[in-house]
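*Asks:* Sharing work.cif here; it has mmCIF, C-alpha atoms.
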```
data_run
#
loop_
_atom_site.label_atom_id
_atom_site.label_comp_id
_atom_site.auth_asym_id
_atom_site.auth_seq_id
_atom_site.Cartn_x
_atom_site.Cartn_y
_atom_site.Cartn_z
CA MET E 239 -5.04 28.85 7.57
CA LYS E 240 -1.70 30.61 7.50
CA THR E 241 -3.26 33.97 6.59
CA ILE E 242 -4.49 34.91 10.07
CA GLN E 243 -1.13 33.97 11.59
CA TRP E 244 0.71 36.10 9.02
CA PHE E 245 -1.62 39.02 9.76
CA ILE E 246 -1.00 38.81 13.51
CA LEU E 247 2.76 38.64 13.02
CA LEU E 248 2.65 41.66 10.71
CA LEU E 249 0.73 43.63 13.29
CA MET E 250 3.27 42.78 15.95
CA LEU E 251 6.39 43.27 13.82
CA GLY E 252 5.34 46.00 11.40
CA GLY E 253 5.97 49.71 11.68
CA CYS E 254 8.84 52.19 11.74
CA LYS E 255 12.07 51.78 13.67
CA ASP E 256 11.30 54.87 15.75
CA LYS E 257 8.69 54.48 18.43
CA TYR E 258 5.21 55.29 17.22
CA ASP E 259 2.07 55.23 19.36
CA ALA E 260 -0.50 53.85 16.94
CA PRO E 261 -3.99 55.33 17.21
CA VAL E 262 -5.55 51.87 16.98
CA ARG E 263 -5.71 48.96 19.34
CA THR E 264 -2.86 46.52 18.71
CA ILE E 265 -2.96 42.78 19.04
CA ALA E 266 -2.15 41.98 22.63
CA SER E 267 -0.88 38.84 24.25
CA GLY E 268 -3.22 35.93 24.86
CA TYR E 269 -5.93 36.39 22.24
CA LEU E 270 -7.41 33.10 21.11
CA VAL E 271 -7.11 32.54 17.36
CA VAL E 272 -9.49 30.00 15.77
CA GLU E 273 -8.83 28.73 12.25
CA GLY E 274 -10.92 26.23 10.30
CA PHE E 275 -14.49 25.51 9.26
CA ILE E 276 -17.20 22.93 9.93
CA ASN E 277 -17.10 20.61 6.93
CA ALA E 278 -20.61 19.92 5.65
CA GLY E 279 -19.29 17.78 2.80
CA ASN E 280 -16.85 14.93 2.39
CA GLY E 281 -13.76 14.88 4.54
CA SER E 282 -12.78 15.70 8.09
CA THR E 283 -13.41 18.88 10.05
CA ASN E 284 -10.15 20.47 11.22
CA PHE E 285 -9.44 23.42 13.50
CA THR E 286 -6.24 25.04 14.72
CA LEU E 287 -6.28 26.93 18.03
CA SER E 288 -3.46 29.25 19.04
CA ARG E 289 -2.67 32.29 21.16
CA THR E 290 -1.04 35.56 20.21
CA THR E 291 2.03 36.76 22.09
CA GLY E 292 3.26 40.20 23.07
CA LEU E 293 5.44 42.54 21.03
CA ASP E 294 8.51 41.57 23.05
CA SER E 295 8.30 37.96 21.82
CA PRO E 296 6.20 37.84 18.65
CA GLY E 297 4.98 34.43 17.60
CA ILE E 298 2.11 32.00 17.66
CA ILE E 299 1.57 29.67 20.65
CA PRO E 300 -0.50 26.50 20.01
CA GLU E 301 -3.46 26.04 22.35
CA PHE E 302 -3.10 22.61 23.93
CA GLY E 303 -5.54 20.61 26.05
CA ALA E 304 -8.78 22.22 24.88
CA GLN E 305 -12.14 20.49 24.65
CA VAL E 306 -13.49 21.24 21.18
CA ASN E 307 -16.95 20.23 19.98
CA VAL E 308 -19.18 20.85 16.99
CA GLU E 309 -22.73 21.44 18.21
CA SER E 310 -25.86 21.02 16.11
CA GLY E 311 -29.00 23.08 16.47
CA ASN E 312 -30.76 20.25 18.29
CA GLY E 313 -28.02 20.06 20.91
CA ASP E 314 -26.00 17.09 19.68
CA LEU E 315 -22.25 17.39 20.36
CA TYR E 316 -19.49 15.99 18.15
CA PRO E 317 -16.12 16.03 19.97
CA LEU E 318 -12.90 16.73 18.07
CA SER E 319 -9.74 14.83 18.90
CA GLU E 320 -6.53 16.67 19.71
CA ALA E 321 -3.80 15.92 17.19
CA GLY E 322 -1.00 18.04 18.69
CA ASP E 323 0.39 21.47 17.86
CA GLY E 324 -2.95 23.11 18.58
CA LYS E 325 -4.78 21.04 15.96
CA TYR E 326 -8.16 19.37 16.54
CA SER E 327 -10.10 17.20 14.12
CA ILE E 328 -13.02 14.86 13.63
CA ASP E 329 -13.71 12.48 10.77
CA GLN E 330 -16.67 12.81 8.45
CA LEU E 331 -19.62 14.64 10.04
CA ALA E 332 -23.13 13.58 9.04
CA VAL E 333 -24.40 17.14 8.61
CA ASP E 334 -28.16 17.64 8.51
CA PHE E 335 -28.81 20.57 6.17
CA SER E 336 -32.04 21.38 8.01
CA LEU E 337 -30.03 22.23 11.15
CA GLN E 338 -27.49 24.90 12.06
CA TYR E 339 -24.06 24.23 13.56
CA ARG E 340 -21.49 26.01 15.70
CA LEU E 341 -18.16 25.41 17.43
CA ARG E 342 -17.79 25.16 21.21
CA ILE E 343 -14.39 25.40 22.94
CA LYS E 344 -13.38 24.98 26.57
CA THR E 345 -9.72 25.72 27.18
CA ARG E 346 -7.63 24.07 29.89
CA ASP E 347 -7.93 27.19 32.05
CA GLY E 348 -11.72 26.76 32.09
CA LYS E 349 -12.67 29.55 29.68
CA GLU E 350 -15.51 28.80 27.29
CA TYR E 351 -15.92 30.06 23.73
CA GLN E 352 -18.54 29.50 21.09
CA SER E 353 -19.26 30.64 17.55
CA ASP E 354 -22.61 31.80 16.26
CA PHE E 355 -24.83 29.18 14.68
CA SER E 356 -24.35 28.84 10.94
CA SER E 357 -26.49 27.15 8.30
CA PRO E 358 -24.61 24.61 6.14
CA ALA E 359 -23.75 25.71 2.61
CA LEU E 360 -23.21 23.23 -0.21
CA ALA E 361 -20.26 24.12 -2.41
CA ILE E 362 -20.83 23.95 -6.15
CA PRO E 363 -18.39 22.29 -8.58
CA ILE E 364 -15.53 24.24 -10.13
CA ASP E 365 -16.28 24.58 -13.83
CA SER E 366 -12.68 24.85 -14.97
CA LEU E 367 -9.12 25.74 -14.10
CA SER E 368 -7.08 27.41 -16.80
CA TRP E 369 -3.67 29.04 -17.18
CA LYS E 370 -2.16 31.61 -19.46
CA PRO E 371 1.48 32.58 -19.99
CA VAL E 372 2.12 36.30 -19.56
CA ASP E 373 5.25 38.42 -19.33
CA GLY E 374 7.36 36.96 -16.55
CA GLY E 375 5.24 33.98 -15.63
CA VAL E 376 1.93 32.14 -15.66
CA TRP E 377 -1.48 33.09 -14.26
CA ILE E 378 -3.84 30.40 -12.93
CA TYR E 379 -7.58 31.16 -13.31
CA VAL E 380 -10.71 29.55 -11.85
CA THR E 381 -14.19 29.67 -13.39
CA THR E 382 -17.38 28.67 -11.59
CA HIS E 383 -21.10 29.37 -11.70
CA ASP E 384 -24.29 28.55 -9.82
CA PRO E 385 -27.33 28.18 -12.15
CA THR E 386 -29.65 28.71 -9.17
CA ASN E 387 -28.00 32.09 -8.37
CA ASN E 388 -27.83 31.14 -4.69
CA SER E 389 -24.08 30.95 -3.98
CA ARG E 390 -22.76 34.45 -4.76
CA TYR E 391 -19.84 34.43 -2.27
CA TYR E 392 -16.79 32.28 -2.96
CA GLN E 393 -13.43 31.48 -1.45
CA TRP E 394 -10.55 29.50 -2.96
CA LYS E 395 -7.55 27.89 -1.35
CA PHE E 396 -4.97 25.79 -3.12
CA ASP E 397 -2.15 23.29 -2.69
CA GLU E 398 0.84 23.37 -5.03
CA THR E 399 3.17 20.50 -5.90
CA TRP E 400 6.03 20.58 -8.36
CA GLU E 401 8.68 18.25 -9.66
CA TYR E 402 12.23 19.46 -10.05
CA ALA E 403 15.63 17.94 -10.76
CA SER E 404 19.01 18.67 -9.24
CA ARG E 405 21.63 20.12 -11.58
CA TYR E 406 23.62 16.88 -11.79
CA ASN E 407 22.45 13.27 -11.79
CA SER E 408 24.78 11.17 -9.66
CA SER E 409 25.51 7.63 -10.83
CA LEU E 410 27.92 6.84 -7.98
CA VAL E 411 27.82 6.31 -4.22
CA TYR E 412 30.99 7.15 -2.31
CA LEU E 413 31.93 4.42 0.19
CA GLY E 414 34.89 6.16 1.81
CA ALA E 415 38.65 5.70 1.53
CA GLY E 416 38.52 6.55 -2.17
CA GLN E 417 36.09 3.73 -3.03
CA PHE E 418 32.86 3.99 -5.07
CA ARG E 419 30.04 1.79 -6.27
CA PRO E 420 27.25 2.31 -8.82
CA ARG E 421 24.14 4.04 -7.52
CA THR E 422 21.01 1.92 -7.95
CA GLN E 423 17.76 3.30 -9.32
CA ARG E 424 16.22 3.04 -5.85
CA GLU E 425 19.01 5.29 -4.53
CA ALA E 426 18.47 8.04 -7.11
CA ILE E 427 18.63 11.56 -5.64
CA HIS E 428 18.07 13.52 -8.83
CA ILE E 429 14.30 14.16 -8.94
CA CYS E 430 12.30 15.57 -6.03
CA TYR E 431 8.84 16.93 -5.26
CA MET E 432 8.05 20.04 -3.26
CA TYR E 433 4.82 21.25 -1.70
CA ASP E 434 3.29 24.58 -0.73
CA THR E 435 -0.12 25.90 0.31
CA SER E 436 -1.81 29.23 -0.35
CA ASN E 437 -1.23 31.95 2.24
CA THR E 438 -3.27 34.70 0.59
CA ILE E 439 -7.00 35.33 0.77
CA ASN E 440 -8.74 34.57 -2.51
CA ILE E 441 -12.39 35.57 -2.44
CA GLY E 442 -14.87 36.71 -5.06
CA SER E 443 -18.49 37.78 -5.15
CA THR E 444 -21.14 37.86 -7.87
CA ALA E 445 -23.66 39.64 -5.63
CA LYS E 446 -23.74 42.69 -7.94
CA LEU E 447 -24.03 40.64 -11.12
CA SER E 448 -27.19 39.43 -12.82
CA GLN E 449 -25.73 35.92 -13.12
CA ASP E 450 -23.96 33.93 -10.44
CA LEU E 451 -20.91 33.46 -12.68
CA MET E 452 -17.26 33.93 -11.71
CA PHE E 453 -15.26 33.83 -14.94
CA GLU E 454 -11.50 33.34 -14.85
CA TYR E 455 -10.84 34.68 -11.38
CA PRO E 456 -7.04 35.32 -11.23
CA LEU E 457 -6.06 32.87 -8.50
CA ASN E 458 -2.29 32.51 -8.53
CA PHE E 459 0.67 33.98 -10.39
CA ILE E 460 3.82 31.88 -10.79
CA SER E 461 6.92 33.76 -11.83
CA TYR E 462 9.41 32.13 -14.19
CA SER E 463 12.16 33.38 -11.89
CA THR E 464 10.61 32.13 -8.63
CA MET E 465 12.60 29.13 -7.42
CA ASN E 466 11.86 26.16 -9.69
CA LYS E 467 8.09 25.65 -9.73
CA LEU E 468 7.85 25.56 -13.50
CA ALA E 469 11.21 23.95 -14.27
CA ARG E 470 9.77 20.47 -15.00
CA LYS E 471 6.16 19.87 -13.98
CA TYR E 472 3.72 21.71 -11.74
CA THR E 473 0.26 20.96 -10.40
CA ILE E 474 -2.26 22.96 -8.40
CA LEU E 475 -5.21 21.57 -6.46
CA VAL E 476 -7.86 24.26 -6.01
CA LYS E 477 -10.47 23.99 -3.25
CA GLN E 478 -13.65 26.05 -3.56
CA ARG E 479 -16.02 27.03 -0.76
CA VAL E 480 -19.30 28.93 -0.72
CA LEU E 481 -19.51 31.51 2.08
CA THR E 482 -22.31 33.44 3.68
CA LYS E 483 -22.43 37.20 3.15
CA GLU E 484 -21.21 37.83 6.73
CA TRP E 485 -18.38 35.32 6.40
CA TYR E 486 -17.33 36.85 3.09
CA GLU E 487 -17.29 40.36 4.60
CA TRP E 488 -15.06 39.12 7.43
CA GLU E 489 -12.63 37.55 4.95
CA GLU E 490 -12.73 40.79 2.98
CA ARG E 491 -11.69 42.81 6.06
CA LEU E 492 -8.91 40.34 6.79
CA LYS E 493 -7.72 40.55 3.18
CA LYS E 494 -7.72 44.35 3.27
CA ASN E 495 -5.71 44.37 6.48
CA THR E 496 -3.09 41.90 5.26
CA GLU E 497 -2.63 43.64 1.91
CA GLN E 498 -2.68 47.26 3.07
CA LEU E 499 -0.74 47.03 6.33
CA GLY E 500 2.28 49.26 5.78
CA SER E 501 3.38 52.69 6.93
CA ILE E 502 1.54 54.84 9.46
CA PHE E 503 0.08 56.80 6.55
CA ASP E 504 -1.70 53.74 5.17
CA ALA E 505 -5.20 52.69 6.15
CA GLN E 506 -5.07 51.43 9.72
CA PRO E 507 -6.03 47.82 10.47
CA SER E 508 -9.70 47.27 11.16
CA ASP E 509 -11.15 44.98 13.80
CA ILE E 510 -10.88 41.33 12.73
CA SER E 511 -12.97 39.80 15.49
CA GLY E 512 -15.50 37.49 13.86
CA ASN E 513 -18.41 35.36 15.02
CA ILE E 514 -16.58 33.64 17.91
CA HIS E 515 -17.15 34.90 21.45
CA CYS E 516 -15.81 34.22 24.92
CA ILE E 517 -18.92 33.43 26.94
CA SER E 518 -16.87 33.35 30.15
CA ASN E 519 -15.68 36.93 29.57
CA PRO E 520 -17.75 38.76 26.92
CA GLY E 521 -15.21 41.58 26.81
CA GLU E 522 -12.39 39.33 25.61
CA GLN E 523 -11.59 39.54 21.91
CA VAL E 524 -11.40 36.34 19.88
CA ILE E 525 -9.95 36.22 16.38
CA GLY E 526 -11.56 34.04 13.73
CA TYR E 527 -14.74 33.14 11.91
CA VAL E 528 -16.36 29.71 11.92
CA GLY E 529 -18.80 28.81 9.18
CA CYS E 530 -20.31 25.56 7.98
CA THR E 531 -19.72 24.72 4.34
CA SER E 532 -18.31 22.09 2.03
CA GLU E 533 -15.48 22.07 -0.49
CA THR E 534 -15.17 21.03 -4.10
CA GLU E 535 -11.80 20.42 -5.74
CA LYS E 536 -10.17 20.50 -9.14
CA ARG E 537 -6.59 19.89 -10.26
CA ILE E 538 -4.55 20.79 -13.33
CA PHE E 539 -0.97 20.06 -14.40
CA ILE E 540 1.45 22.29 -16.31
CA SER E 541 4.54 20.80 -17.98
CA ARG E 542 7.63 22.78 -18.93
CA THR E 543 7.16 21.66 -22.53
CA GLU E 544 3.82 23.51 -22.64
CA LEU E 545 5.40 26.84 -21.72
CA PRO E 546 6.84 29.38 -24.15
CA GLN E 547 10.50 29.10 -25.06
CA THR E 548 11.72 31.40 -22.32
CA TYR E 549 14.01 31.35 -19.32
CA VAL E 550 12.61 29.42 -16.36
CA SER E 551 14.57 29.28 -13.12
CA THR E 552 15.81 25.91 -11.92
CA GLY E 553 17.40 27.15 -8.70
CA TYR E 554 20.71 25.58 -9.75
CA GLU E 555 22.06 28.32 -12.01
CA GLN E 556 25.23 28.76 -9.93
CA CYS E 557 26.19 25.07 -9.87
CA LEU E 558 29.56 23.98 -11.26
CA GLU E 559 31.28 20.63 -11.79
CA ASP E 560 34.70 19.77 -10.39
CA THR E 561 37.09 17.33 -12.04
CA VAL E 562 38.88 15.25 -9.40
CA ARG E 563 41.94 13.33 -10.61
CA ASP E 564 44.25 13.29 -7.60
CA HIS E 565 43.88 12.93 -3.84
CA ILE E 566 40.49 11.27 -4.35
CA ALA E 567 40.02 10.22 -0.73
CA ASN E 568 40.95 13.62 0.65
CA TYR E 569 38.50 15.32 -1.68
CA PHE E 570 35.46 13.11 -1.07
CA ASP E 571 36.11 12.43 2.63
CA GLY E 572 35.51 16.13 3.18
CA ALA E 573 31.93 17.13 3.85
CA GLY E 574 29.65 18.78 1.34
CA VAL E 575 30.57 17.12 -1.98
CA LEU E 576 29.18 14.15 -3.91
CA PRO E 577 30.41 12.20 -6.92
CA ILE E 578 28.56 12.57 -10.22
CA SER E 579 30.23 10.12 -12.61
CA THR E 580 33.48 8.38 -13.51
CA LEU E 581 35.96 9.80 -16.01
CA TYR E 582 37.71 7.31 -18.31
CA SER E 583 40.80 7.59 -20.50
CA ASN E 584 41.73 4.74 -22.85
CA GLY E 585 39.46 2.42 -20.89
CA PHE E 586 40.97 3.24 -17.50
CA ILE E 587 39.55 5.34 -14.67
CA ALA E 588 41.11 8.80 -14.94
CA GLY E 589 39.14 10.58 -12.22
CA TYR E 590 35.67 11.66 -11.21
CA LEU E 591 33.22 14.47 -11.78
CA ALA E 592 31.82 15.96 -8.57
CA SER E 593 29.86 18.90 -7.21
CA THR E 594 28.34 20.14 -3.98
CA GLU E 595 25.58 18.21 -2.24
CA PHE E 596 23.19 21.04 -3.07
CA CYS E 597 23.80 20.63 -6.80
CA VAL E 598 23.61 16.81 -6.77
CA ASP E 599 21.07 15.81 -4.10
CA CYS E 600 17.68 17.42 -4.79
CA GLN E 601 16.63 16.82 -1.17
CA VAL E 602 19.02 19.55 0.01
CA MET E 603 16.73 22.16 -1.58
CA GLY E 604 13.89 20.92 0.62
CA GLY E 605 12.00 18.46 -1.55
CA VAL E 606 11.25 14.77 -1.06
CA LEU E 607 12.05 11.82 -3.29
CA THR E 608 8.68 10.08 -3.00
CA LYS E 609 6.40 10.71 -5.95
CA PRO E 610 2.89 11.83 -4.85
CA PRO E 611 0.13 9.28 -5.50
CA PHE E 612 -1.75 11.77 -7.69
CA TRP E 613 1.21 12.49 -9.94
CA GLN E 614 0.71 12.09 -13.67
#
```
Can you give me the file's structure in the form of structure tokens?

*Replies:*
Amino acid sequence: MKTIQWFILLLMLGGCKDKYDAPVRTIASGYLVVEGFINAGNGSTNFTLSRTTGLDSPGIIPEFGAQVNVESGNGDLYPLSEAGDGKYSIDQLAVDFSLQYRLRIKTRDGKEYQSDFSSPALAIPIDSLSWKPVDGGVWIYVTTHDPTNNSRYYQWKFDETWEYASRYNSSLVYLGAGQFRPRTQREAIHICYMYDTSNTINIGSTAKLSQDLMFEYPLNFISYSTMNKLARKYTILVKQRVLTKEWYEWEERLKKNTEQLGSIFDAQPSDISGNIHCISNPGEQVIGYVGCTSETEKRIFISRTELPQTYVSTGYEQCLEDTVRDHIANYFDGAGVLPISTLYSNGFIAGYLASTEFCVDCQVMGGVLTKPPFWQ
């Protein structure tokens, strides 16, 4: 869902420093952007509505207070609840595969929008996820096939989670005034988990092949030097959808625009209006495409021990330990440092090892301490 927002921001921010009057229509202020799909399978249906802004203040403005409904071909309406920040959702829809479905929107200013009707598509299972080490990193591949030869157009999105450890494992909690106590296991701040979602468009088609088989589509490359994704353990959850030909072609245009947008000598952005229309003002452009499909999922894990014996970034390469023997209170009462462990000499405390919060507390890098429920 981040891809359309990135594309709009690139259109508004991209270009040369000197003024250039582009020969194409630019994204103006106030366009409605619709992101999401009608879920014909298990799980909720979620949409995000937002508005573009002008070049003088580029950004994305959430669309609040809209009435959003899924409509079936026989006229039944299924209202979505507003969840804040321009997000709208409804729990499991009982989709009838003999009917078509569309999205209807009425914004707080009274404008009405609707998508074209779409027939539900049933996503097929992912056959396998695989990975291969290459120079500089790891490639993740997805393989799928439809024995009925009816799917042909595919899209993949993914969620990443990885475990990492701070450079130093603190066994002490500083109490102030030069006093310490042992850190309990429940207070450990050494191992964290971080999350990310795909922001690129991953689509593939077998329309020109005799078999509906997508073999080892290159889904995601993870560099050994990128942050710390592969430093300990990594997992990717891949979600597969089946698209219609028209939906696929729209995603293909969006992908081309996001990947080729560059200098004025590059291919100029094409129109990314989809199958959503403003019925109150037919001349108003709306950005997005709403289809009706389901998702299948598959997850794999990669451990550091499975990788080749090569350098893998931890993100803590610049961390150093300090030895603190004197002026203990002055040192630790200052902000930004944490104790690591106690130094002993002949059975007596001789000082402490310490480092910056960044190097000791894994949360500073942006992760969380709570282990995900799916973690292995």

*Asks:* Take the PyMOL selection byres ((chain E and resi 415) around 9), run it mentally on this structure, and tell me the resulting residues as a list in words.

*Replies:*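 Applied to this file, the PyMOL selection byres ((chain E and resi 415) around 9) selects Tyr412, Leu413, Gly414, Gly416, Gln417, Phe418, Ile566, Ala567, Asn568, Phe570 and Asp571 of chain E.
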
*Asks:* Give me the residues within 7 Å of Thr382 of chain E as an NGL selection string, counting all atoms listed in the file and dropping any in the same chain fewer than 2 places off.

*Replies:* :E and (364-366 or 380 or 451-453)

*Asks:* Residues picked by the PyMOL selection byres ((chain E and resi 328) around 6) here, as a CSV table (one decimal) with C-alpha atoms, keeping the file's coordinate frame?

*Replies:*
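Saved to selection_19.csv:
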```csv
chain,number,residue,atom,x,y,z
E,282,SER,CA,-12.8,15.7,8.1
E,283,THR,CA,-13.4,18.9,10.0
E,318,LEU,CA,-12.9,16.7,18.1
E,327,SER,CA,-10.1,17.2,14.1
E,329,ASP,CA,-13.7,12.5,10.8
```

*Asks:* Quick one: apply the PyMOL selection byres ((chain E and resi 404) around 9) to the file and drop the selected residues here as an MDAnalysis selection string.

*Replies:* chainID E and resid 402:403 405:407 427:430 552:554 596:601 603

*Asks:* Go ahead and compute the interatomic distance for atom CA of Gln330 of chain E and atom CA of Pro358 of chain E, in Å to one decimal.

*Replies:* 14.4 Å

*Asks:* Around segment 599-606 of chain E, with edges along x, y and z and 4 Å added on all six sides, what centre and edge lengths do you get, in Å to one decimal, as JSON?

*Replies:*
```
{"center_x": 16.2, "center_y": 18.5, "center_z": -2.1, "size_x": 17.8, "size_y": 15.4, "size_z": 13.4}
```

*Asks:* Distance cut-off 12 Å, centre (13.0, 28.0, -9.3) in file coordinates, counting only C-alpha atoms: which residues qualify? Return them as a list of chain:residue names.

*Replies:*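 Final list of nearby residues, as requested, is E:Gly375, E:Trp400, E:Glu401, E:Tyr402, E:Ala403, E:Ser404, E:Arg405, E:Met432, E:Ile460, E:Ser461, E:Tyr462, E:Ser463, E:Thr464, E:Met465, E:Asn466, E:Lys467, E:Leu468, E:Ala469, E:Arg470, E:Lys471, E:Tyr472, E:Tyr549, E:Val550, E:Ser551, E:Thr552, E:Gly553, E:Tyr554, E:Glu555, E:Met603.
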
*Asks:* Applying 10 Å and only C-alpha atoms, which residues near Arg563 of chain E remain after dropping the ones on its own chain fewer than 6 positions away? List them as a PDB file with C-alpha atoms, in the coordinates of the input.

*Replies:*
```
ATOM      1  CA  TYR E 569      38.500  15.320  -1.680  1.00  0.00           C
ATOM      2  CA  LEU E 581      35.960   9.800 -16.010  1.00  0.00           C
ATOM      3  CA  ILE E 587      39.550   5.340 -14.670  1.00  0.00           C
ATOM      4  CA  ALA E 588      41.110   8.800 -14.940  1.00  0.00           C
ATOM      5  CA  GLY E 589      39.140  10.580 -12.220  1.00  0.00           C
ATOM      6  CA  TYR E 590      35.670  11.660 -11.210  1.00  0.00           C
ATOM      7  CA  LEU E 591      33.220  14.470 -11.780  1.00  0.00           C
TER       8      LEU E 591
END
```

*Asks:* Smallest atom-to-atom distance to Leu475 of chain E: which of E:Arg342, E:His565, E:Lys395, E:Lys349, using only C-alpha atoms?

*Replies:*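 Under the stated criterion, the closest residue is E:Lys395.
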
*Asks:* Hey, can you check how far atom CA of Tyr433 of chain E sits from atom CA of Asn458 of chain E?

*Replies:*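 Separation of atom CA of Tyr433 of chain E and atom CA of Asn458 of chain E: 15.0 Å.
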